[in-house]
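Some notes on the structure that comes next.
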Amino acid sequence: MRGNEPTRKLTTILSADAAEYSRLMRADEERTFRALQLCRRVIDRLVEEHQGRIFGTAGDGLVAEFASPIEALRCAAEIQQAIEITEQELPNGDRMRFRIGINIGDVLIADSDLIGDGVNVADRIQHLAQPGGICIAAGIYELVKSRPDFAFDDLGSLTVKNIADPVHVYRARMIDGQAAKVVAPSRKPRGRRLTMFITAAGALVVVVVGLWSYVAYLHPAAIQNQPKQPTVAQFTHASIAVLPFDNLSGDSTQDYFAEGITEDMTQALGRFSDLSVIAREAVQQYKGRALRPGELSGDLGVRYALQGSVRRDGDRVRVTATLSDATTGVQLWSDRYDGEVKDVFAVQDDITQKVVGALAIKLNDIERQRSLAKPPENLQAYDYLQRGREFFRRNTRADIRSARKLFEQAIALDPNYASAYVDLAATRVLTVTSGWTEQTFENLSEAEKLVRKALELDRNNAAAHAVLADIYLNRQQYDLARAEDDQAIALNPNDAWSHASRGGVLAYSGEPEEAVKSFEIAMQLNPAMDIVRQYSVGWAYYLVRRYEEAARLMEIGLRDNPSDYFSYACLAASYAQLDRMEDASRAAAGTLRNWPFFRIDVFASQFKREADRALVAEGLRKAGLK
């Protein structure tokens with residue numbers, strides 16, 4: 001050492017952190033803390049066994065150094081295996097999974113600490129790993145590539161945050177006998193969105209529900225003529241297998257790209273509570289095979305198959321996806337995405353916008369048709385739920401009563417059906433927001449009780465958190481409402497309802513600009529989202545003085561829901577601000593027709609910010625309301 005200057009050395013850095021740690025803490029702080037402590041004991045022991053040294057910890061993360069890159073990689077693999085065994089009894093959403101990145105670099109020694117780009121790059125590589133996965137720098141790869149117990153995929157040179165030059169990264173896969181444990185790469189979400197491929201999967205998930213029972217009912221002979229298949233577990237609701245996407249690039253080094261899409265789609269589909277997704281390992285055997293009609297359904301017990309391909313040529317990429325009935329082989333839906341990969345995150349955002357919304361519409365259509373086609377004596381809890389949702393969508397007082405009865409029947413058939421409790425709670429909330437009851441406190445209390453029951457059964461049910469947010473909003477508990485919506489979106493970023501619910505909270509709590517953004521996300525995910533799901537969208541546009549857009553959206557909503565006085569009030573105020581007084585008077589009359597006791601001061605009081613209350617009152621008075 002020269003004076004007080006630190007010395008330098010070349011070493012191997014391992015960086016690890018727990019994926020989705022914040023979400024796990026919000027869901028159950030004590031359990032998550034205990035799980036982290038248990039995992040840390042495992043990690044500490046394995047680092048020591050492989051002659052490593054932990055020199056930094058922060059919350060759920062740690063960094064360690066190793067003299068040997070091989071020992072660092074072996075340690076990483078054993079950590080992932082040990083944690084998987086430790087957590088295997090827990091539901092997927094409750095498991096703690098670590099991401100690990102390994103780099104080799106020249107670092108500064110500062111007492112017992114190590115600092116410098118070598119450490120920073122290890123951290124950035126770690127962020128590229130999938131939960132449960134390992135990514136390594138090219139320098140590490142050159143030193144371990146001959147190891148027979150590992151396989152590696154070249155991910156190419158990637159741009160990472162706060163590092164000037166691209167980092168060449170490989171994915172590490174530990175081989176156990178003939179089976180390789182695939183650890184797919186992932187990218188950090190940018191703002192509100194997940195990676196390109198996770199969001200694409202979220203898009204695809206919404207279309208993949210329900211046709212098998214429909215076909216069985218309409219064409220029983222076709223089912224009877226199918227060859228006998230092995231007996232497998234049957235699902236009570238929609239199920240899907242995501243087959244490995246084909247790499248059509250003509251370049252085997254791009255296999256990782258197709259594998260990443262497959263992995264991410266499988267994981268994103270698993271975020272939807274009403275969909276059973278077959279594990280990726282179970283469908284790997286079908287890669288590259290021409291499947292017979294009914295083969296997947298017979299082998300795996302699934303109703304749907306999702307297949308696709310990836311073609312990448314320089315900065316251009318084309319992703320195609322096809323959804324089929326796994327029993328008959330009939331194609332139900334297909335779509336294609338073309339884009340440039342100059343900025344992979346921008347491509348990911350485009351996938352979210354262009355695919356998810358279209359498939360949400362398709363899903364709703366298929367599910368309603370399937371359930372409505374079945375005779376009453378053949379209905380199961382899932383069918384009652386779908387029929388109830390059809391009535392709920394119509395948003396009249398009589399239809400909401402019908403929906404409530406169907407949801408109650410679903411619960412009677414299956415008392416552990418979380419989604420039925422969620423939807424039943426939503427009918428209570430809608431009764432309050434539509435002004436159809438004077439027992440506001442009782443209905444909201446009953447709704448909360450139902451949602452709490454749903455979360456006991458399925459703590460990862462995003463819709464339950466969104467409904468709970470609506471309950472808090474009606475009590476003007478804005479901070480609690482926003483926290484629940486944020487939790488819903490964290491659990492399933494592709495759920496349009498959760499984004500719409502968040503928009504409503506922000507509109508009333510004094511952040512209309514952010515509310516507009518949330519509603520626009522919801523409408524991009526599902527352009528046909530009905531007014532029941534986003535009754536506050538017009539007021540969000542109104543509060544940012546985009547009166548024409550507010551009026552246009554409310555006119556559209558009122559075509560399907562002509563009894564919604566919220567929409568009429570917004571329409572009246574918007575037209576008044578546009579000086580379209582005849583249209584404003586017409587909308588004001590519609591407001592009073594559907595809510596004769598309407599009063600401006602009461603209505604405006606639900607907006608938290610004084611400036612918003614004043615602007616709302618101004619428009620309503622101009623329209624002739626009192």
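Numbering starts fresh at 1 for the residues of each chain in the structure tokens, the chains themselves are lettered A, B, ... in the order given, and ligands are numbered from 1 as they appear.
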### Residues within 9 Å of Leu444 (chain A), only C-alpha atoms, excluding chain neighbours under 3 positions, as a list in words
Ala425, Arg428, Val429, Val432, Gln439, Thr440, Phe441, Ala447, Glu448, Lys449, Ile471, Tyr472, Asn474 and Arg475 of chain A
### Task
Go through region 364-473 of chain A and collect every residue that DSSP, computed from the backbone, puts in alpha helix (DSSP H); the answer should be as a PyMOL selection string.
chain A and resi 364-373+381-394+397-413+418-433+440-457+462-473
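Distances here use only C-alpha atoms; by that measure, the residue among A:Ala462, A:Leu243, A:Leu543, A:Ile411 closest to His499 (chain A) is A:Ala462.
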#### Entry: Pick from A:Asn162, A:Ser402, A:Ser419, A:Thr328, whichever lies nearest to Leu385 (chain A) using only C-alpha atoms
A:Ser419
#### Entry: Test item: residues at most 8 Å from Ala258 (chain A), only C-alpha atoms, excluding those fewer than 2 positions along its chain, as an MDAnalysis selection string
chainID A and resid 244:247 254:256 260:262 309:310
